[in-house]
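Everything below concerns the one structure shown next.
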Amino acid sequence: MTTAEQAVDVLLSDGSTVQLRPISPSDAPEIVAMHSRFSERTRYLRYFSPYPRIPERDLRRFVNVDHRDREAFVVLSGDRVVAVGRYERLGPESPDAEVAFVVEDAHQGRGIGSVLMEHLADAARRAGIVNFVAEVLPANGQMLRVFADFGYQIQRQFVDGVVHLSFPIAPTEATLEVQRGREHRTEARSIARLLAPRGVAVYGASATGQGVGAAVLGHLRDGGFTGSVVPVHPSAARVAGLPAYRSAADAGPPVDLAVVAVPPDAAESVVADAAAAGAHGLVVISAGFAEAGVEGAAAQRTLVRAAHAAGMRVIGPNCLGVANTDPTVRLNATLASRLPVAGRVGIFSQSGAFGVALLAEADRRGLGLSSFVSAGNRADVSGNDLLQYWQDDPSTGVIMLYLETFGNPRKFARLVRRIGRDKPVVALASPARPAGLDDSPGPDSTAVGALFAQSGVIRVDTVGELLDVGALLANQPLPAGDRVGVVGNSSALTGLAATACTTQGLTVAAGYPRDVGPRASAVEFAQALAAAAADESVDALVALFAPPLPGQFTGSEADVNAAMPAALSAGKPTVVTFLVGRAPVGMPSYPSVEEAVRALARVTGYADWLRRLPGTLPELPDIDRSAASTALRAEGADPGSLLAAYGIDVVDSVSASSVEEAVDAATRLGFPVALKVAAAGLRHRLDLGAVRLDLSDAAAVRRACSELAASFGADVLVQPMVPPGVACVVELVEDPAFGPVVGFGLGGVATELLGDRAWRAVPLTDIDALELVDEPRAAPLLRGHRGAVPVDRAALADLLLRVGRLADEQPRVRSLTLNPVLARPDGLSVLHAAVRVGSAVPRPDTGPRRL
């Protein structure tokens, strides 16, 4: 959200950065200067007249706005204002406002108009404006396209030589699709410019060859980089055998990327020099920034602000560097002296030290790399940016991520849901939730894995597993199902594999495992594999080869390797464990049976996710966002009204602290009633005697009050009786990896102890809601276990969708618990609701685009 006190950096269509902020009176000189740079055509198209200069009266009005009925944003490239956009409400409290913007000629065609439009519409909606109107000359085709391409339902009229436009500015699926498409293209282009530079300037490489700057320079020089390498040094004439320059601009060849290995206090001057040379981005390897404390964090913010003002993006600081193995680029701007061979895997690592180990292990295994980025402190470029780039990169077929934290979890979940449909994403990420994130414990490690799987991400726990899965995805097709054919020459190994398959949730195909025995020849081994590959009941293969006893094997290791490819030409994924010799090239080989099967299971789960329908966000009747906002503005918030605004009715509940108050409440509610201990942890604990049901008259209420007071105190809740049902629990919490998540499970101490909850990230689709209902281990109780009548699972799914919509639209709601929810064949009843409201949780994936 852009406010009068806050500026934001945004990406343009060419991948460069500019700043957008509200206008201020001090901008008057810059507005006049920008106006003087307009061509006559631009002035005429904006003002419908020559308008050679801005009169003082107009200028005062332009730069003085109230940020409600009149708003204006300026766009700055460096310190220069290059565009301005504004809206003005058409009368007091009118729902309509006129919108207009103008972009300096030299900056037209860079997507500035669409960015201004997003931020103006967002500000106007928050001010209660519903519709925009605009007047455009027919000759202004570029401006007409800005409006037309936004996805709004535009009404047009041609009157007196002017095109009159009007349209509602409420976000729709169409406008969000347009906005996110632009976001994708701009972020992908900003990274593409960094990974395929024409020239690289290196700052901080010593003439002695010592230090990280010299190391990166050497790797660039020796790695075969196809562009220009420009050492920048204050005094040396040559560095690492290359001509050195006082400034990158002095070198002559174009410089698109700057590698920075200077101390933090010298970084700002490097930014200015790189900008003067026309660089698109910085790779800051230097440490001593945010990871070093408060002063370092301030230096990091200064660095990023200076880079963005110059139109550049920043990778790092405190990072390992970037690499691109494309033969036309061959970029190794990293601290790793050797890169893996060229291949189809893109790797993102937040940690520099971890990135070095990851590259070394990938090289040892022969896993081919397309590109690599280490983001370090992630001051600017993040894993989400790389996801956007890799989605379109034809050289990348598999994406591998090492993530320590999530800067924009909602965006991450949204991106991987989309990208995972085209390219598999494998992530090594901690399942732990930071302590104190919420009162609720939230998803456990198993549930976090399910949340990743819901988004199509293959989450792994170790570096080895990350590379195991990556190797399989990079070299083998996806399985069509979970049926595994196990073939080997050792009964011990095939037995281990069969057990591992069952443990990992795979199905051992009928007739397997097949043990050809230690005396089988290479041809017989290959024939058994070929038969398994051709078996229609088999979706994937596990091939196991143990060293035979002396004199028992006919054939050599070469014979086995020569026979394998022909035997495995059926297009089914195959993992192998060869305890002697080496597997054929391109066939994923694992040192142990368990590792091979585990990798296959991870990939099988991903393939299963691909086969599922993605679901839709259904229309939900009886939702009143205005009423919800009113409920949240009430003192202490009004949970009942908030839930009612989303069509969630909670059974009436009256607090009482004495017997007479309880009797009075029961009389008003109508008998029979239920009496419950008021303490949140006890109000549903029938097993502890904290609940009394079916109290049919005042005497029964008095008696129950006395009994409860003796054990738990006088404070009770009185509720009307509702028909019985299966007790369920619905929860909403914030997760560090996915933002707001909705949980569902069955009530009861046993299910709570077992953590029997299913979780899905917001927003929930119709399929997400149905899967939530069916996923808990105790879910059979909802479907008519042991002859019981099945409950209305559709009503439960509808409730979950409404909780998900509330979570998506109301960031002030920090957590929510509905417990218990009684599910019945004819619907459900929500007996209790607890809502915790706070300041709005930052949700950087909502609203207009910004970095």
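Scheme for the structure tokens: letters A, B, ... for chains in order shown; per-chain residue numbers from 1; ligand numbers from 1 in order shown.
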What's around segment 285-290 of chain A at 12 Å? Count only C-alpha atoms, leave out sequence neighbours fewer than 4 positions away in its own chain, and write the answer as number ranges by chain. A: 202-205, 211-216, 258-267, 294-304, 314-322, 333-335, 351-353, 373-379
Save out the residues we just selected, N, CA and C atoms, as a short mmCIF file (atom, residue, chain, number, x, y, z; two decimals), in the first residue's frame.
```cif
data_model
loop_
_atom_site.label_atom_id
_atom_site.label_comp_id
_atom_site.auth_asym_id
_atom_site.auth_seq_id
_atom_site.Cartn_x
_atom_site.Cartn_y
_atom_site.Cartn_z
N VAL A 202 34.05 -5.98 -12.06
CA VAL A 202 34.36 -6.54 -10.74
C VAL A 202 35.02 -5.46 -9.89
N TYR A 203 34.39 -5.13 -8.77
CA TYR A 203 34.90 -4.14 -7.84
C TYR A 203 35.45 -4.84 -6.61
N GLY A 204 36.67 -4.51 -6.21
CA GLY A 204 37.24 -5.06 -4.99
C GLY A 204 38.18 -6.22 -5.21
N ALA A 205 38.58 -6.49 -6.47
CA ALA A 205 39.56 -7.53 -6.73
C ALA A 205 40.96 -6.95 -6.53
N GLY A 211 41.83 -12.56 -1.66
CA GLY A 211 40.50 -12.07 -1.31
C GLY A 211 39.41 -12.58 -2.24
N VAL A 212 38.16 -12.36 -1.80
CA VAL A 212 37.02 -12.91 -2.54
C VAL A 212 36.84 -12.22 -3.89
N GLY A 213 37.13 -10.92 -3.98
CA GLY A 213 36.99 -10.24 -5.25
C GLY A 213 37.91 -10.82 -6.31
N ALA A 214 39.17 -11.08 -5.93
CA ALA A 214 40.12 -11.68 -6.86
C ALA A 214 39.68 -13.09 -7.25
N ALA A 215 39.10 -13.82 -6.28
CA ALA A 215 38.64 -15.18 -6.58
C ALA A 215 37.53 -15.17 -7.63
N VAL A 216 36.55 -14.30 -7.45
CA VAL A 216 35.46 -14.23 -8.43
C VAL A 216 35.99 -13.79 -9.79
N ALA A 258 27.48 -5.82 -12.23
CA ALA A 258 28.61 -5.43 -11.38
C ALA A 258 28.72 -6.41 -10.22
N VAL A 259 29.91 -6.99 -10.03
CA VAL A 259 30.18 -7.85 -8.89
C VAL A 259 30.91 -7.01 -7.86
N VAL A 260 30.37 -6.94 -6.65
CA VAL A 260 30.85 -6.02 -5.63
C VAL A 260 31.48 -6.80 -4.48
N ALA A 261 32.75 -6.55 -4.24
CA ALA A 261 33.45 -7.20 -3.12
C ALA A 261 34.23 -6.15 -2.34
N VAL A 262 33.59 -5.00 -2.11
CA VAL A 262 34.22 -3.92 -1.35
C VAL A 262 33.54 -3.82 0.01
N PRO A 263 34.17 -3.16 1.00
CA PRO A 263 33.54 -3.00 2.32
C PRO A 263 32.23 -2.20 2.19
N PRO A 264 31.33 -2.36 3.16
CA PRO A 264 30.03 -1.67 3.09
C PRO A 264 30.15 -0.16 2.94
N ASP A 265 31.15 0.45 3.57
CA ASP A 265 31.23 1.91 3.50
C ASP A 265 31.65 2.41 2.12
N ALA A 266 32.13 1.52 1.26
CA ALA A 266 32.51 1.91 -0.10
C ALA A 266 31.47 1.49 -1.13
N ALA A 267 30.42 0.79 -0.69
CA ALA A 267 29.47 0.22 -1.63
C ALA A 267 28.68 1.29 -2.38
N VAL A 294 22.67 -3.65 13.50
CA VAL A 294 21.84 -2.50 13.15
C VAL A 294 22.52 -1.60 12.12
N GLU A 295 23.80 -1.30 12.34
CA GLU A 295 24.49 -0.42 11.39
C GLU A 295 24.59 -1.07 10.02
N GLY A 296 24.85 -2.36 10.01
CA GLY A 296 24.92 -3.07 8.73
C GLY A 296 23.58 -3.08 8.02
N ALA A 297 22.49 -3.21 8.77
CA ALA A 297 21.16 -3.19 8.17
C ALA A 297 20.87 -1.84 7.54
N ALA A 298 21.30 -0.76 8.22
CA ALA A 298 21.11 0.58 7.65
C ALA A 298 21.92 0.74 6.37
N ALA A 299 23.15 0.23 6.36
CA ALA A 299 23.97 0.30 5.15
C ALA A 299 23.34 -0.50 4.02
N GLN A 300 22.71 -1.62 4.36
CA GLN A 300 22.06 -2.44 3.34
C GLN A 300 20.87 -1.70 2.73
N ARG A 301 20.08 -1.04 3.56
CA ARG A 301 18.94 -0.28 3.04
C ARG A 301 19.42 0.85 2.13
N THR A 302 20.49 1.52 2.52
CA THR A 302 21.04 2.61 1.70
C THR A 302 21.52 2.07 0.35
N LEU A 303 22.18 0.92 0.39
CA LEU A 303 22.67 0.30 -0.84
C LEU A 303 21.52 -0.01 -1.80
N VAL A 304 20.48 -0.66 -1.29
CA VAL A 304 19.37 -1.07 -2.14
C VAL A 304 18.63 0.15 -2.68
N VAL A 314 19.49 -5.85 -6.97
CA VAL A 314 20.61 -6.26 -6.11
C VAL A 314 20.45 -7.73 -5.73
N ILE A 315 21.50 -8.51 -5.98
CA ILE A 315 21.59 -9.88 -5.47
C ILE A 315 22.56 -9.85 -4.30
N GLY A 316 22.10 -10.31 -3.14
CA GLY A 316 22.92 -10.24 -1.93
C GLY A 316 22.34 -9.22 -0.98
N PRO A 317 23.20 -8.59 -0.14
CA PRO A 317 24.64 -8.82 0.01
C PRO A 317 24.93 -10.15 0.70
N ASN A 318 26.24 -10.38 0.98
CA ASN A 318 26.66 -11.56 1.71
C ASN A 318 26.26 -12.83 0.97
N CYS A 319 26.51 -12.84 -0.34
CA CYS A 319 26.08 -13.99 -1.14
C CYS A 319 27.28 -14.66 -1.80
N LEU A 320 27.02 -15.80 -2.42
CA LEU A 320 28.06 -16.57 -3.10
C LEU A 320 28.27 -16.10 -4.54
N GLY A 321 27.22 -15.59 -5.19
CA GLY A 321 27.33 -15.13 -6.57
C GLY A 321 26.31 -15.79 -7.46
N VAL A 322 26.50 -15.65 -8.78
CA VAL A 322 25.56 -16.18 -9.77
C VAL A 322 26.34 -16.91 -10.85
N ALA A 333 30.25 -16.17 -11.94
CA ALA A 333 30.54 -15.04 -11.05
C ALA A 333 30.25 -15.47 -9.63
N THR A 334 30.91 -16.57 -9.22
CA THR A 334 30.71 -17.13 -7.88
C THR A 334 32.05 -17.38 -7.22
N LEU A 335 31.98 -17.78 -5.96
CA LEU A 335 33.18 -18.17 -5.22
C LEU A 335 33.52 -19.64 -5.41
N SER A 351 21.82 -19.40 1.35
CA SER A 351 23.08 -19.38 2.07
C SER A 351 24.25 -19.52 1.09
N GLY A 352 25.27 -18.66 1.28
CA GLY A 352 26.44 -18.77 0.44
C GLY A 352 27.25 -20.01 0.71
N ALA A 353 27.52 -20.28 1.99
CA ALA A 353 28.31 -21.46 2.35
C ALA A 353 27.60 -22.74 1.91
N VAL A 373 21.86 -19.12 -8.43
CA VAL A 373 21.88 -17.82 -7.77
C VAL A 373 21.91 -18.05 -6.27
N SER A 374 22.86 -17.38 -5.60
CA SER A 374 22.89 -17.34 -4.14
C SER A 374 22.47 -15.95 -3.72
N ALA A 375 21.43 -15.85 -2.91
CA ALA A 375 20.83 -14.54 -2.61
C ALA A 375 21.33 -13.93 -1.31
N GLY A 376 22.03 -14.69 -0.47
CA GLY A 376 22.56 -14.13 0.77
C GLY A 376 21.48 -13.52 1.63
N ASN A 377 21.61 -12.22 1.91
CA ASN A 377 20.65 -11.53 2.79
C ASN A 377 19.32 -11.26 2.12
N ARG A 378 19.21 -11.51 0.84
CA ARG A 378 17.95 -11.30 0.09
C ARG A 378 17.42 -9.87 0.27
N ALA A 379 18.31 -8.90 0.18
CA ALA A 379 17.88 -7.51 0.34
C ALA A 379 16.95 -7.09 -0.79
#
```
I'd like to know which residues of segment 166-401 of chain A are strand (DSSP E or B) (by DSSP, run on the backbone); could you write them as a PyMOL selection string? chain A and resi 166-168+199-203+228-232+238-239+242-243+245+257-260+281-284+313-315+321-324+331-334+342-349+369-374+398-401
Can you pull out the residues contacting Gly15 of chain A? Cut-off 6 Å, using only C-alpha atoms, and skip same-chain residues under 5 positions away; I want them as a ChimeraX atom specification. /A:186,189-190
Excluding segment 249-251 of chain A and its own-chain neighbours fewer than 2 positions away, which residues fall within 10 Å of it when counting only C-alpha atoms? Please give them as a compact mmCIF listing (two decimals) with N, CA, C and O atoms, in the first residue's frame.
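Wrote it out as part.txt, contents follow:
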```txt
# COMPACT_ATOMS: atom_id res chain seq x y z
N ALA A 201 31.59 -6.03 -14.57
CA ALA A 201 32.60 -5.25 -13.86
C ALA A 201 32.79 -5.84 -12.48
O ALA A 201 31.81 -6.17 -11.81
N SER A 228 32.63 -9.38 -21.76
CA SER A 228 33.80 -8.64 -21.32
C SER A 228 33.92 -8.71 -19.80
O SER A 228 32.92 -8.60 -19.09
N VAL A 229 35.14 -8.88 -19.29
CA VAL A 229 35.42 -8.85 -17.86
C VAL A 229 36.22 -7.58 -17.59
O VAL A 229 37.31 -7.39 -18.14
N VAL A 230 35.67 -6.72 -16.71
CA VAL A 230 36.26 -5.41 -16.47
C VAL A 230 36.63 -5.28 -14.99
O VAL A 230 35.77 -5.01 -14.15
N PRO A 231 37.90 -5.46 -14.62
CA PRO A 231 38.29 -5.17 -13.24
C PRO A 231 38.32 -3.65 -13.03
O PRO A 231 38.83 -2.90 -13.87
N VAL A 232 37.73 -3.21 -11.92
CA VAL A 232 37.76 -1.79 -11.55
C VAL A 232 38.64 -1.65 -10.32
O VAL A 232 38.36 -2.25 -9.28
N PRO A 243 43.35 -5.89 -18.19
CA PRO A 243 43.45 -4.43 -18.03
C PRO A 243 42.45 -3.94 -17.00
O PRO A 243 41.27 -4.35 -17.02
N ALA A 244 42.89 -3.10 -16.08
CA ALA A 244 42.01 -2.56 -15.03
C ALA A 244 41.70 -1.09 -15.33
O ALA A 244 42.48 -0.40 -16.00
N TYR A 245 40.57 -0.63 -14.79
CA TYR A 245 40.09 0.72 -15.07
C TYR A 245 39.70 1.41 -13.77
O TYR A 245 39.30 0.77 -12.80
N ARG A 246 39.82 2.73 -13.77
CA ARG A 246 39.41 3.51 -12.60
C ARG A 246 37.89 3.50 -12.46
O ARG A 246 37.36 3.57 -11.35
N SER A 247 37.20 3.43 -13.59
CA SER A 247 35.74 3.42 -13.60
C SER A 247 35.27 2.43 -14.66
O SER A 247 35.92 2.27 -15.71
N PRO A 253 33.51 -1.43 -23.52
CA PRO A 253 32.46 -2.42 -23.76
C PRO A 253 31.30 -2.23 -22.78
O PRO A 253 31.49 -1.74 -21.67
N PRO A 254 30.09 -2.62 -23.18
CA PRO A 254 28.94 -2.48 -22.28
C PRO A 254 29.08 -3.35 -21.03
O PRO A 254 29.57 -4.48 -21.10
N VAL A 255 28.68 -2.80 -19.91
CA VAL A 255 28.71 -3.52 -18.63
C VAL A 255 27.28 -3.64 -18.13
O VAL A 255 26.63 -2.64 -17.86
N ASP A 273 29.12 4.32 -9.66
CA ASP A 273 29.99 4.04 -10.79
C ASP A 273 29.36 3.02 -11.74
O ASP A 273 29.42 3.17 -12.97
N ALA A 274 28.77 1.96 -11.16
CA ALA A 274 28.12 0.94 -11.98
C ALA A 274 26.94 1.53 -12.75
O ALA A 274 26.71 1.19 -13.92
N ALA A 275 26.19 2.40 -12.10
CA ALA A 275 25.05 3.04 -12.76
C ALA A 275 25.53 3.89 -13.93
O ALA A 275 24.91 3.91 -15.01
N ALA A 276 26.64 4.61 -13.76
CA ALA A 276 27.17 5.44 -14.83
C ALA A 276 27.61 4.60 -16.02
O ALA A 276 27.58 5.08 -17.17
N ALA A 277 27.99 3.35 -15.76
CA ALA A 277 28.40 2.45 -16.84
C ALA A 277 27.20 1.75 -17.49
O ALA A 277 27.39 1.00 -18.45
N GLY A 278 26.00 1.98 -16.96
CA GLY A 278 24.80 1.38 -17.54
C GLY A 278 24.47 -0.01 -17.03
O GLY A 278 23.72 -0.74 -17.68
N ALA A 279 25.01 -0.38 -15.87
CA ALA A 279 24.75 -1.72 -15.34
C ALA A 279 23.29 -1.89 -14.98
O ALA A 279 22.61 -0.95 -14.56
```
Using DSSP on the backbone coordinates, identify the residues of segment 127-226 of chain A assigned to helix (DSSP H, G or I); present them as a VMD selection string. chain A and resid 141 to 148 173 to 195 212 to 222
Near segment 695-708 of chain A, counting only C-alpha atoms, which residues have an atom at most 9 Å away, once you skip same-chain residues fewer than 2 positions from it, shown as number ranges by chain? A: 658-660, 662-664, 666-667, 671-677, 689-693, 710-716, 721
Save out the residues we just selected, N, CA and C atoms, as a compact mmCIF listing (two decimals), in the first residue's frame.
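again_16.txt, freshly written:
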```
# COMPACT_ATOMS: atom_id res chain seq x y z
N SER A 658 -23.33 -16.49 38.23
CA SER A 658 -24.07 -16.92 39.42
C SER A 658 -25.20 -17.82 38.96
N VAL A 659 -25.78 -18.53 39.93
CA VAL A 659 -26.88 -19.45 39.60
C VAL A 659 -28.05 -18.68 39.01
N GLU A 660 -28.41 -17.55 39.61
CA GLU A 660 -29.58 -16.81 39.13
C GLU A 660 -29.35 -16.25 37.73
N ALA A 662 -27.53 -17.64 35.48
CA ALA A 662 -27.63 -18.79 34.58
C ALA A 662 -29.08 -19.16 34.34
N VAL A 663 -29.88 -19.16 35.37
CA VAL A 663 -31.31 -19.49 35.21
C VAL A 663 -31.99 -18.46 34.32
N ASP A 664 -31.69 -17.19 34.57
CA ASP A 664 -32.28 -16.13 33.75
C ASP A 664 -31.89 -16.29 32.28
N ALA A 666 -31.00 -19.07 30.76
CA ALA A 666 -31.64 -20.25 30.21
C ALA A 666 -33.11 -19.98 29.87
N THR A 667 -33.77 -19.21 30.73
CA THR A 667 -35.18 -18.88 30.48
C THR A 667 -35.30 -18.06 29.19
N PHE A 671 -35.61 -23.50 27.11
CA PHE A 671 -35.16 -24.84 27.48
C PHE A 671 -35.41 -25.82 26.33
N PRO A 672 -34.65 -26.92 26.26
CA PRO A 672 -33.52 -27.30 27.12
C PRO A 672 -32.26 -26.51 26.74
N VAL A 673 -31.32 -26.45 27.70
CA VAL A 673 -30.08 -25.72 27.49
C VAL A 673 -28.89 -26.59 27.88
N ALA A 674 -27.71 -26.11 27.48
CA ALA A 674 -26.45 -26.73 27.90
C ALA A 674 -25.71 -25.74 28.79
N LEU A 675 -25.03 -26.26 29.78
CA LEU A 675 -24.24 -25.43 30.70
C LEU A 675 -22.79 -25.88 30.59
N LYS A 676 -21.88 -24.91 30.40
CA LYS A 676 -20.48 -25.25 30.18
C LYS A 676 -19.60 -24.34 31.01
N VAL A 677 -18.48 -24.88 31.48
CA VAL A 677 -17.49 -24.05 32.17
C VAL A 677 -16.98 -23.00 31.19
N GLY A 689 -16.22 -33.60 32.78
CA GLY A 689 -17.39 -33.18 33.53
C GLY A 689 -17.62 -31.68 33.51
N ALA A 690 -17.01 -30.98 32.54
CA ALA A 690 -17.14 -29.52 32.47
C ALA A 690 -18.33 -29.08 31.64
N VAL A 691 -19.14 -30.03 31.19
CA VAL A 691 -20.31 -29.73 30.35
C VAL A 691 -21.51 -30.49 30.89
N ARG A 692 -22.67 -29.82 30.94
CA ARG A 692 -23.93 -30.47 31.31
C ARG A 692 -24.93 -30.21 30.18
N LEU A 693 -25.55 -31.28 29.70
CA LEU A 693 -26.43 -31.19 28.54
C LEU A 693 -27.88 -31.47 28.91
N ALA A 710 -18.49 -26.16 42.14
CA ALA A 710 -17.69 -26.87 43.13
C ALA A 710 -16.36 -27.35 42.56
N SER A 711 -16.36 -27.64 41.26
CA SER A 711 -15.15 -28.19 40.64
C SER A 711 -14.36 -27.18 39.82
N PHE A 712 -15.09 -26.22 39.19
CA PHE A 712 -14.42 -25.36 38.23
C PHE A 712 -14.60 -23.86 38.47
N GLY A 713 -15.41 -23.50 39.42
CA GLY A 713 -15.69 -22.08 39.63
C GLY A 713 -17.07 -21.71 39.13
N ALA A 714 -17.50 -20.47 39.43
CA ALA A 714 -18.89 -20.07 39.17
C ALA A 714 -19.14 -19.65 37.73
N ASP A 715 -18.12 -19.25 36.98
CA ASP A 715 -18.33 -18.71 35.64
C ASP A 715 -18.70 -19.81 34.66
N VAL A 716 -19.88 -19.66 34.02
CA VAL A 716 -20.37 -20.66 33.08
C VAL A 716 -20.89 -19.96 31.82
N MET A 721 -29.80 -25.98 23.47
CA MET A 721 -29.40 -27.29 22.96
C MET A 721 -29.60 -27.32 21.44
```
Which residues are near Phe150 of chain A? Cut-off 12 Å, only C-alpha atoms, ignore same chain within fewer than 5 positions. Put them as a VMD selection string. chain A and resid 111 113 to 118 121 143 to 145 167 to 182
